[in-house]
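Novice: Attaching a single structure in structure tokens format; questions to follow.
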Amino acid sequence: MDQASLTPVDRARTLADKVLARAAECVDRDAIIPTTHFAALAEAGLFGILGPLNAGGSDLSAHETRRVIAAIAGGCGATFFVWVQHHGVVRALRGSQNTHLRDSYLAPLCVGQMIAGVAFAHARRIGPAAVRATRVAGGWRFDGFAPWTTSWGIAQRFVVVGESDAGELVWVMIDGKTTSGITPRHLELPVLAATGTVALEFNGFVAADADVMTIIDAGEWRVADRLTSSIGQTAALGVAERAVSLLAGTTERGDGNDLDVEEARSALLELLDGCWADDDQLVSEMSAPINDRETWIREASLHRARCLEMARTATTVLLAASGGGGLDLSHPAQRLAREAMFYVIQAQTADGRSATLRALTF
């Protein structure tokens, strides 16, 4: 079937099944994600899901976007994690007042001619700025340490964030090959090691005013980010869906476990349906003014925790059904279990951490 006749969600699921999942165990052990994966994502029109139509994007709704995210995450975690960082840059660039940056990069990013990464997680921290942005003639100087940056060596453009003495967050777009004033430090990770994830040291790096995407009050940004981050991504549900789909294959072992596996699979599918129903409800509520923000954040954070537990449960069931072979590095069960572990800390906030701890221990 012609891809053009499929919805973005169906294109994502097809790509995940036919391309990403088939190579995921190899990519998990590779030094870097193959460029063919990004070419396939571009061909499927999945680099511009948050971009405007006039720039080659598809301007998906939040509901559609979250299902596309789940599909790609369920195909290959490493590919997903580089790809998903890209969309944060597309969304930020779309809203930027810097017309030069928008005109130069938005269309190439939306069609996948160019990949973008972002270093901003450190901006969530309260207290002394992890990366300080200081005004200098013609631009901003960056100094400090960003402990988590994905896609280094993969993305052609990066957005980095520093905080000024005036309490502003300065977002600038830089060349992905920049070396002057920036030193990457490789991180040894037990999962998603092919994603080019590094820590960045900034030592006198200067970005020109022409490269400033936006400047926003840090306090205002953190208030908004706390709300949008609390619900989490649906990547954990994508991992759970992949694990459940693979359960059917474990009945071929022929050791009398067929009935147990089918019962487990049926129960997991019911739990997944419940998670998606809750997700749809919370996403719908986000589209309207939220009167009681604290209550909504608690509910969204609990939903995030339930999705994490869904991924942990589904991948553990897959391991149990697969037996000892599931721990071989060529088997998807062990990889999916490690990816489920990763999403516990990915984009973690204080609200999310508290909800996860309570969900797992009480």
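Residues in the structure tokens are named by chain (A, B, ... in the order shown) and by number from 1 within that chain; ligands are numbered from 1 in the order shown.
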Can I get the residues of range 69-117 of chain A within 9 Å of range 203-224 of chain A, each with the closest pair of atoms and their distance in Å to one decimal, using only C-alpha atoms, sorted chain first then ascending number, as a tab-separated table?
Specialist:
```
residue	atom	partner	partner_atom	distance
A:Ala92	CA	A:Met213	CA	7.9
A:Leu93	CA	A:Met213	CA	6.8
A:Gly95	CA	A:Thr214	CA	8.8
A:Ser96	CA	A:Met213	CA	5.7
A:Gln97	CA	A:Thr214	CA	7.1
A:Asn98	CA	A:Met213	CA	5.9
A:His100	CA	A:Ala210	CA	7.7
A:Leu101	CA	A:Asp211	CA	7.1
A:Arg102	CA	A:Met213	CA	8.8
```
Novice: Just the selected residues (C-alpha atoms), exported as a JSON list (two decimals), in the first residue's frame, please.
Specialist:
```json
[["chain", "number", "residue", "atom", "x", "y", "z"],
["A", 92, "ALA", "CA", 10.44, 25.72, 19.52],
["A", 93, "LEU", "CA", 11.57, 26.99, 16.13],
["A", 95, "GLY", "CA", 7.20, 29.62, 17.73],
["A", 96, "SER", "CA", 10.42, 31.62, 17.46],
["A", 97, "GLN", "CA", 10.41, 35.31, 16.57],
["A", 98, "ASN", "CA", 13.74, 34.83, 14.78],
["A", 100, "HIS", "CA", 16.02, 34.10, 9.85],
["A", 101, "LEU", "CA", 16.27, 30.85, 11.80],
["A", 102, "ARG", "CA", 12.71, 29.85, 10.92]]
```
Novice: Using only C-alpha atoms, which protein or nucleic acid residues come within 8 Å of range 43-60 of chain A? Drop anything in the same chain fewer than 6 positions from it, and give the result as a PyMOL selection string.
Specialist: chain A and resi 3+8+11-12+15+83+86-87+90-91+94+106-107+109-112
Novice: Taking only C-alpha atoms into account, name the residue in A:Val261, A:Leu327, A:Leu6, A:Ala347 that is nearest to Phe81 in chain A.
Specialist: A:Ala347
Novice: A:Ser164, A:Thr195, A:Ser230, A:Thr361: which is nearest Glu294 in chain A, counting only C-alpha atoms?
Specialist: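 Of all the options, A:Ser230 lies closest to Glu294 in chain A.
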Novice: Of the candidates A:Ile115, A:Cys307, A:Met286, A:Leu20, which shows the shortest atom-to-atom distance to Ser61 in chain A, using only C-alpha atoms?
Specialist: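 Comparing A:Ile115, A:Cys307, A:Met286, A:Leu20 against Ser61 in chain A, the winner is A:Met286.
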Novice: Which of range 151-275 of chain A counts as strand (DSSP E) under DSSP, as a VMD selection string please?
Specialist: chain A and resid 157 to 163 168 to 175 182 to 186 198 to 208 212 to 217
Novice: Just how far from CA of Phe145 in chain A is CA of Glu201 in chain A, in Å to one decimal?
Specialist: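 The value is 4.7 Å.
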Novice: Could you give me, as a ChimeraX atom specification, the residues within 12 Å of Leu246 in chain A, counting only C-alpha atoms and dropping anything in the same chain fewer than 5 positions from it?
Specialist: /A:17,21,74-75,239-241,251-252,261-262,265,314-315,317-319,321-322,326,331-333,336
Novice: Fewer than 6 positions away in the same chain doesn't count, so skip those; otherwise give me all residues within 7 Å of range 185-193 of chain A, counting only C-alpha atoms, as a tab-separated table (two decimals) with C-alpha atoms, in the first residue's frame.
Specialist:
```
chain	number	residue	atom	x	y	z
A	28	ASP	CA	21.33	-1.55	20.55
A	31	ALA	CA	28.29	2.63	18.22
A	77	GLY	CA	14.43	2.78	21.42
A	78	ALA	CA	17.72	4.26	20.24
A	199	ALA	CA	27.61	15.61	28.74
A	200	LEU	CA	28.60	19.02	27.40
A	338	ARG	CA	16.26	-2.14	29.66
A	339	GLU	CA	14.39	0.43	27.61
```
Novice: To one decimal in Å, tell me the separation between CA of Gly162 in chain A and CA of Trp140 in chain A.
Specialist: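 CA of Trp140 in chain A lies 9.1 Å from CA of Gly162 in chain A.
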Novice: Check the smallest atom-to-atom distance from each of A:Leu268, A:Ile32, A:Cys76, A:Ala42 to Lys18 in chain A using only C-alpha atoms, then report the winner.
Specialist: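 With only C-alpha atoms as the atom set, the closest residue is A:Cys76.
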Novice: Any idea what the distance is between CA of Arg304 in chain A and CA of Phe362 in chain A?
Specialist: 15.9 Å
Novice: For each of A:Thr179, A:Val172, A:Ile231, A:Gly167, take the minimum atom-to-atom distance to Val89 in chain A, counting only C-alpha atoms, then give the residue where this is smallest.
Specialist: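 Using only C-alpha atoms, Val89 in chain A sits closest to A:Val172.
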Novice: Between A:Arg22, A:His122, A:Arg242, A:His37, which residue has the minimum interatomic distance to Ala70 in chain A, considering only C-alpha atoms?
Specialist: A:Arg242
